[in-house]
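J.: Here it is: the structure, laid out below.
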Amino acid sequence: MLIATWNVNSLRARADRVEDWLRRTDADVLAIQETKCKDDNFPWELFEMNGYEVAHFGVNQWNGVAIASRVGLDDVERTFADQPAFGKGGKDPIQEPRAIAATCGGVRVWSLYVPNGRAREDEHMPYKLSWLDTLNRQAAGWLAENPDAQIALMGDWNIAPQDDDVWDIDYFVENELTHVSEPERAAFDAFLDTGFVDVVRPHTPGPGVYTYWDYTKLRFPKREGMRIDFVLASPALAERVTGASIDREERKGKGASDHAPVLVELG
DNA sequence: ATGGTGGTACAACCA
């Protein structure tokens, strides 16, 4: 079984790319982030015509997550328990559409779009950190309930956990940029402490291996990217992993997302 | 010059 995650940066703008990609890779499950639409605008036919069931969680033009599967799509869940809400300036806080789950072929798949902290002192940063902390607590509970659970926490984590996960760590440190700060890395590492495993890194060793390249500043041709998209597997699922890859080719050409798909093969 | 883009309620906001 082949499972994958991909921040598409608008599903409508990327519909042809996504369809071509599904046909080319023959993926069984695709966790999607940044659909950037509500249900009314969601391209349901794209998936149905290609043999996939799909579940979507989107409320406006921001964020939005989905799971497409052709190995079953059961017990769909939107948001995780106690998921922190956010409202800019403290008004009208909502639980943003950043997490959706479904059971696909026996695997509990979560498509996650972790909030961007914007800046180290921005109000989005504590939101990001509490969002991750709450998710980790829930995930710990799932494992405590069933140590053999096959769970995939996959998506755009907006964190570069190691120095090699950005093209120039000195640039990030000197400019006090996000994604590499100590609190963000601690929030990511907490999932590893819980027992989850980054199952992609062993098959795609760095340095210089990334999943995201900013559209600006010629970042992609200059190979200046960041590894911020991850598949964290529960122990039982990690044992099944036989391979993983980052589809850097998909970042090429006109009309590409700024993120590359990340794929995991299960035996 | 570590700038250059690209997505979305088309106008600012988001990454």
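In the structure tokens, each chain is lettered A, B, ... as it comes, each chain's residues begin at 1, and ligands are numbered from 1 in order of appearance.
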Run DSSP on the backbone and tell me which residues of range 34-190 of chain A come out as strand (DSSP E or B); list them as a ChimeraX atom specification.
T.: /A:53-57,65-69,74-78,86,94,99-104,107-113,151-156,166
J.: Compute the chain A side of the contact with chain B at 12 Å, counting only C-alpha atoms (C1' of nucleotides), and hand it back as a PDB file with N, CA and C atoms, in the first residue's frame.
T.:
```pdb
ATOM      1  N   ASN A   7       0.976  19.113   0.385  1.00  0.00           N
ATOM      2  CA  ASN A   7       0.379  20.439   0.487  1.00  0.00           C
ATOM      3  C   ASN A   7       0.294  20.976  -0.941  1.00  0.00           C
ATOM      4  N   VAL A   8      -0.931  21.059  -1.467  1.00  0.00           N
ATOM      5  CA  VAL A   8      -1.104  21.403  -2.884  1.00  0.00           C
ATOM      6  C   VAL A   8      -1.220  22.905  -3.127  1.00  0.00           C
ATOM      7  N   ASN A   9      -1.377  23.706  -2.054  1.00  0.00           N
ATOM      8  CA  ASN A   9      -1.528  25.156  -2.204  1.00  0.00           C
ATOM      9  C   ASN A   9      -2.609  25.498  -3.232  1.00  0.00           C
ATOM     10  N   SER A  10      -3.824  25.141  -2.883  1.00  0.00           N
ATOM     11  CA  SER A  10      -5.040  25.288  -3.696  1.00  0.00           C
ATOM     12  C   SER A  10      -5.287  24.069  -4.585  1.00  0.00           C
ATOM     13  N   LEU A  11      -6.341  23.369  -4.274  1.00  0.00           N
ATOM     14  CA  LEU A  11      -6.688  22.175  -5.048  1.00  0.00           C
ATOM     15  C   LEU A  11      -7.256  22.536  -6.410  1.00  0.00           C
ATOM     16  N   ARG A  12      -8.015  23.641  -6.465  1.00  0.00           N
ATOM     17  CA  ARG A  12      -8.594  24.027  -7.756  1.00  0.00           C
ATOM     18  C   ARG A  12      -7.507  24.453  -8.725  1.00  0.00           C
ATOM     19  N   ALA A  13      -6.535  25.207  -8.230  1.00  0.00           N
ATOM     20  CA  ALA A  13      -5.447  25.652  -9.092  1.00  0.00           C
ATOM     21  C   ALA A  13      -4.547  24.482  -9.504  1.00  0.00           C
ATOM     22  N   ARG A  14      -4.613  23.396  -8.734  1.00  0.00           N
ATOM     23  CA  ARG A  14      -3.684  22.273  -8.950  1.00  0.00           C
ATOM     24  C   ARG A  14      -4.406  21.023  -9.453  1.00  0.00           C
ATOM     25  N   GLU A  34      -4.009  22.421   2.447  1.00  0.00           N
ATOM     26  CA  GLU A  34      -4.263  23.675   1.740  1.00  0.00           C
ATOM     27  C   GLU A  34      -5.103  23.461   0.483  1.00  0.00           C
ATOM     28  N   THR A  35      -6.280  22.878   0.675  1.00  0.00           N
ATOM     29  CA  THR A  35      -7.226  22.800  -0.441  1.00  0.00           C
ATOM     30  C   THR A  35      -7.720  24.195  -0.808  1.00  0.00           C
ATOM     31  N   LYS A  36      -7.707  25.097   0.166  1.00  0.00           N
ATOM     32  CA  LYS A  36      -8.098  26.497  -0.054  1.00  0.00           C
ATOM     33  C   LYS A  36      -9.490  26.636  -0.669  1.00  0.00           C
ATOM     34  N   CYS A  37     -10.430  25.822  -0.192  1.00  0.00           N
ATOM     35  CA  CYS A  37     -11.800  25.966  -0.679  1.00  0.00           C
ATOM     36  C   CYS A  37     -12.771  25.415   0.356  1.00  0.00           C
ATOM     37  N   LYS A  38     -14.042  25.712   0.167  1.00  0.00           N
ATOM     38  CA  LYS A  38     -15.099  25.089   0.952  1.00  0.00           C
ATOM     39  C   LYS A  38     -15.680  23.957   0.128  1.00  0.00           C
ATOM     40  N   ASN A  60     -13.599  27.995   4.241  1.00  0.00           N
ATOM     41  CA  ASN A  60     -13.442  29.244   3.495  1.00  0.00           C
ATOM     42  C   ASN A  60     -12.245  29.088   2.561  1.00  0.00           C
ATOM     43  N   GLN A  61     -11.640  30.189   2.173  1.00  0.00           N
ATOM     44  CA  GLN A  61     -10.542  30.104   1.203  1.00  0.00           C
ATOM     45  C   GLN A  61      -9.194  29.798   1.827  1.00  0.00           C
ATOM     46  N   TRP A  62      -9.182  29.663   3.174  1.00  0.00           N
ATOM     47  CA  TRP A  62      -7.911  29.423   3.849  1.00  0.00           C
ATOM     48  C   TRP A  62      -7.816  27.986   4.345  1.00  0.00           C
ATOM     49  N   ASN A  63      -6.595  27.504   4.407  1.00  0.00           N
ATOM     50  CA  ASN A  63      -6.325  26.171   4.963  1.00  0.00           C
ATOM     51  C   ASN A  63      -7.102  25.100   4.178  1.00  0.00           C
ATOM     52  N   LYS A  88      -7.924  36.086  14.860  1.00  0.00           N
ATOM     53  CA  LYS A  88      -6.942  37.169  14.845  1.00  0.00           C
ATOM     54  C   LYS A  88      -7.409  38.310  15.735  1.00  0.00           C
ATOM     55  N   PRO A 115      -0.393  25.127  11.965  1.00  0.00           N
ATOM     56  CA  PRO A 115      -0.373  26.584  11.785  1.00  0.00           C
ATOM     57  C   PRO A 115       1.041  27.121  11.563  1.00  0.00           C
ATOM     58  N   ASN A 116       1.131  28.137  10.720  1.00  0.00           N
ATOM     59  CA  ASN A 116       2.398  28.840  10.508  1.00  0.00           C
ATOM     60  C   ASN A 116       2.538  29.883  11.618  1.00  0.00           C
ATOM     61  N   GLY A 117       3.691  29.880  12.281  1.00  0.00           N
ATOM     62  CA  GLY A 117       3.884  30.802  13.389  1.00  0.00           C
ATOM     63  C   GLY A 117       4.097  32.257  12.993  1.00  0.00           C
ATOM     64  N   ARG A 118       4.359  32.474  11.696  1.00  0.00           N
ATOM     65  CA  ARG A 118       4.564  33.833  11.140  1.00  0.00           C
ATOM     66  C   ARG A 118       5.871  34.477  11.607  1.00  0.00           C
ATOM     67  N   ASN A 158       5.241  22.612   9.172  1.00  0.00           N
ATOM     68  CA  ASN A 158       5.801  23.963   9.296  1.00  0.00           C
ATOM     69  C   ASN A 158       6.902  24.040  10.349  1.00  0.00           C
ATOM     70  N   TRP A 167      18.338  25.202   4.054  1.00  0.00           N
ATOM     71  CA  TRP A 167      19.512  25.296   3.203  1.00  0.00           C
ATOM     72  C   TRP A 167      20.675  26.035   3.854  1.00  0.00           C
ATOM     73  N   ASP A 168      20.348  26.893   4.826  1.00  0.00           N
ATOM     74  CA  ASP A 168      21.414  27.641   5.494  1.00  0.00           C
ATOM     75  C   ASP A 168      20.944  27.992   6.906  1.00  0.00           C
ATOM     76  N   ASP A 170      22.463  29.184   9.376  1.00  0.00           N
ATOM     77  CA  ASP A 170      22.955  30.474   9.878  1.00  0.00           C
ATOM     78  C   ASP A 170      22.018  31.620   9.475  1.00  0.00           C
ATOM     79  N   TYR A 171      21.505  31.543   8.253  1.00  0.00           N
ATOM     80  CA  TYR A 171      20.565  32.559   7.771  1.00  0.00           C
ATOM     81  C   TYR A 171      19.316  32.604   8.644  1.00  0.00           C
ATOM     82  N   PHE A 172      18.822  31.420   9.012  1.00  0.00           N
ATOM     83  CA  PHE A 172      17.615  31.350   9.843  1.00  0.00           C
ATOM     84  C   PHE A 172      17.885  31.839  11.261  1.00  0.00           C
ATOM     85  N   ASN A 175      18.578  35.762  11.372  1.00  0.00           N
ATOM     86  CA  ASN A 175      17.373  36.561  11.131  1.00  0.00           C
ATOM     87  C   ASN A 175      16.213  36.178  12.051  1.00  0.00           C
ATOM     88  N   TYR A 212       9.905  21.561   0.529  1.00  0.00           N
ATOM     89  CA  TYR A 212       9.274  22.854   0.254  1.00  0.00           C
ATOM     90  C   TYR A 212      10.323  23.847  -0.227  1.00  0.00           C
ATOM     91  N   TRP A 213       9.944  24.628  -1.226  1.00  0.00           N
ATOM     92  CA  TRP A 213      10.805  25.693  -1.725  1.00  0.00           C
ATOM     93  C   TRP A 213       9.927  26.905  -1.983  1.00  0.00           C
ATOM     94  N   ASP A 214      10.282  28.038  -1.357  1.00  0.00           N
ATOM     95  CA  ASP A 214       9.531  29.278  -1.534  1.00  0.00           C
ATOM     96  C   ASP A 214       9.463  29.629  -3.022  1.00  0.00           C
ATOM     97  N   TYR A 215       8.296  30.165  -3.438  1.00  0.00           N
ATOM     98  CA  TYR A 215       8.148  30.586  -4.833  1.00  0.00           C
ATOM     99  C   TYR A 215       9.113  31.720  -5.174  1.00  0.00           C
ATOM    100  N   THR A 216       9.427  32.548  -4.169  1.00  0.00           N
ATOM    101  CA  THR A 216      10.244  33.731  -4.438  1.00  0.00           C
ATOM    102  C   THR A 216      11.735  33.410  -4.383  1.00  0.00           C
ATOM    103  N   LYS A 217      12.514  34.362  -4.853  1.00  0.00           N
ATOM    104  CA  LYS A 217      13.967  34.336  -4.705  1.00  0.00           C
ATOM    105  C   LYS A 217      14.638  33.143  -5.387  1.00  0.00           C
ATOM    106  N   LEU A 218      13.954  32.571  -6.373  1.00  0.00           N
ATOM    107  CA  LEU A 218      14.538  31.452  -7.122  1.00  0.00           C
ATOM    108  C   LEU A 218      14.984  30.323  -6.200  1.00  0.00           C
ATOM    109  N   ARG A 219      14.227  30.113  -5.151  1.00  0.00           N
ATOM    110  CA  ARG A 219      14.640  29.125  -4.154  1.00  0.00           C
ATOM    111  C   ARG A 219      14.769  27.718  -4.744  1.00  0.00           C
ATOM    112  N   PHE A 220      13.848  27.345  -5.626  1.00  0.00           N
ATOM    113  CA  PHE A 220      13.896  25.969  -6.130  1.00  0.00           C
ATOM    114  C   PHE A 220      15.110  25.717  -7.029  1.00  0.00           C
ATOM    115  N   PRO A 221      15.315  26.530  -8.063  1.00  0.00           N
ATOM    116  CA  PRO A 221      16.504  26.283  -8.901  1.00  0.00           C
ATOM    117  C   PRO A 221      17.814  26.409  -8.123  1.00  0.00           C
ATOM    118  N   LYS A 222      17.792  27.220  -7.062  1.00  0.00           N
ATOM    119  CA  LYS A 222      19.017  27.353  -6.261  1.00  0.00           C
ATOM    120  C   LYS A 222      19.113  26.274  -5.186  1.00  0.00           C
ATOM    121  N   GLU A 224      17.411  25.871  -2.576  1.00  0.00           N
ATOM    122  CA  GLU A 224      17.291  26.423  -1.232  1.00  0.00           C
ATOM    123  C   GLU A 224      15.896  26.133  -0.688  1.00  0.00           C
ATOM    124  N   LYS A 254       5.756  24.996 -14.673  1.00  0.00           N
ATOM    125  CA  LYS A 254       4.701  25.986 -14.437  1.00  0.00           C
ATOM    126  C   LYS A 254       3.526  25.322 -13.721  1.00  0.00           C
ATOM    127  N   GLY A 255       2.987  26.027 -12.737  1.00  0.00           N
ATOM    128  CA  GLY A 255       1.804  25.520 -12.054  1.00  0.00           C
ATOM    129  C   GLY A 255       2.080  24.531 -10.953  1.00  0.00           C
ATOM    130  N   ALA A 256       3.317  24.472 -10.460  1.00  0.00           N
ATOM    131  CA  ALA A 256       3.635  23.555  -9.364  1.00  0.00           C
ATOM    132  C   ALA A 256       3.234  24.166  -8.026  1.00  0.00           C
ATOM    133  N   SER A 257       2.885  23.288  -7.062  1.00  0.00           N
ATOM    134  CA  SER A 257       2.759  23.732  -5.681  1.00  0.00           C
ATOM    135  C   SER A 257       4.147  24.089  -5.165  1.00  0.00           C
ATOM    136  N   ASP A 258       4.190  24.854  -4.079  1.00  0.00           N
ATOM    137  CA  ASP A 258       5.513  25.112  -3.491  1.00  0.00           C
ATOM    138  C   ASP A 258       5.998  23.939  -2.623  1.00  0.00           C
ATOM    139  N   HIS A 259       5.135  22.947  -2.422  1.00  0.00           N
ATOM    140  CA  HIS A 259       5.527  21.726  -1.696  1.00  0.00           C
ATOM    141  C   HIS A 259       5.594  20.535  -2.649  1.00  0.00           C
TER     142      HIS A 259
END
```
J.: Please return as a PyMOL selection string: the residues of range 62-246 of chain A that backbone DSSP assigns to helix (DSSP H, G or I).
T.: chain A and resi 88-90+124-145+163-165+169-174+182-194+201-203+235-238
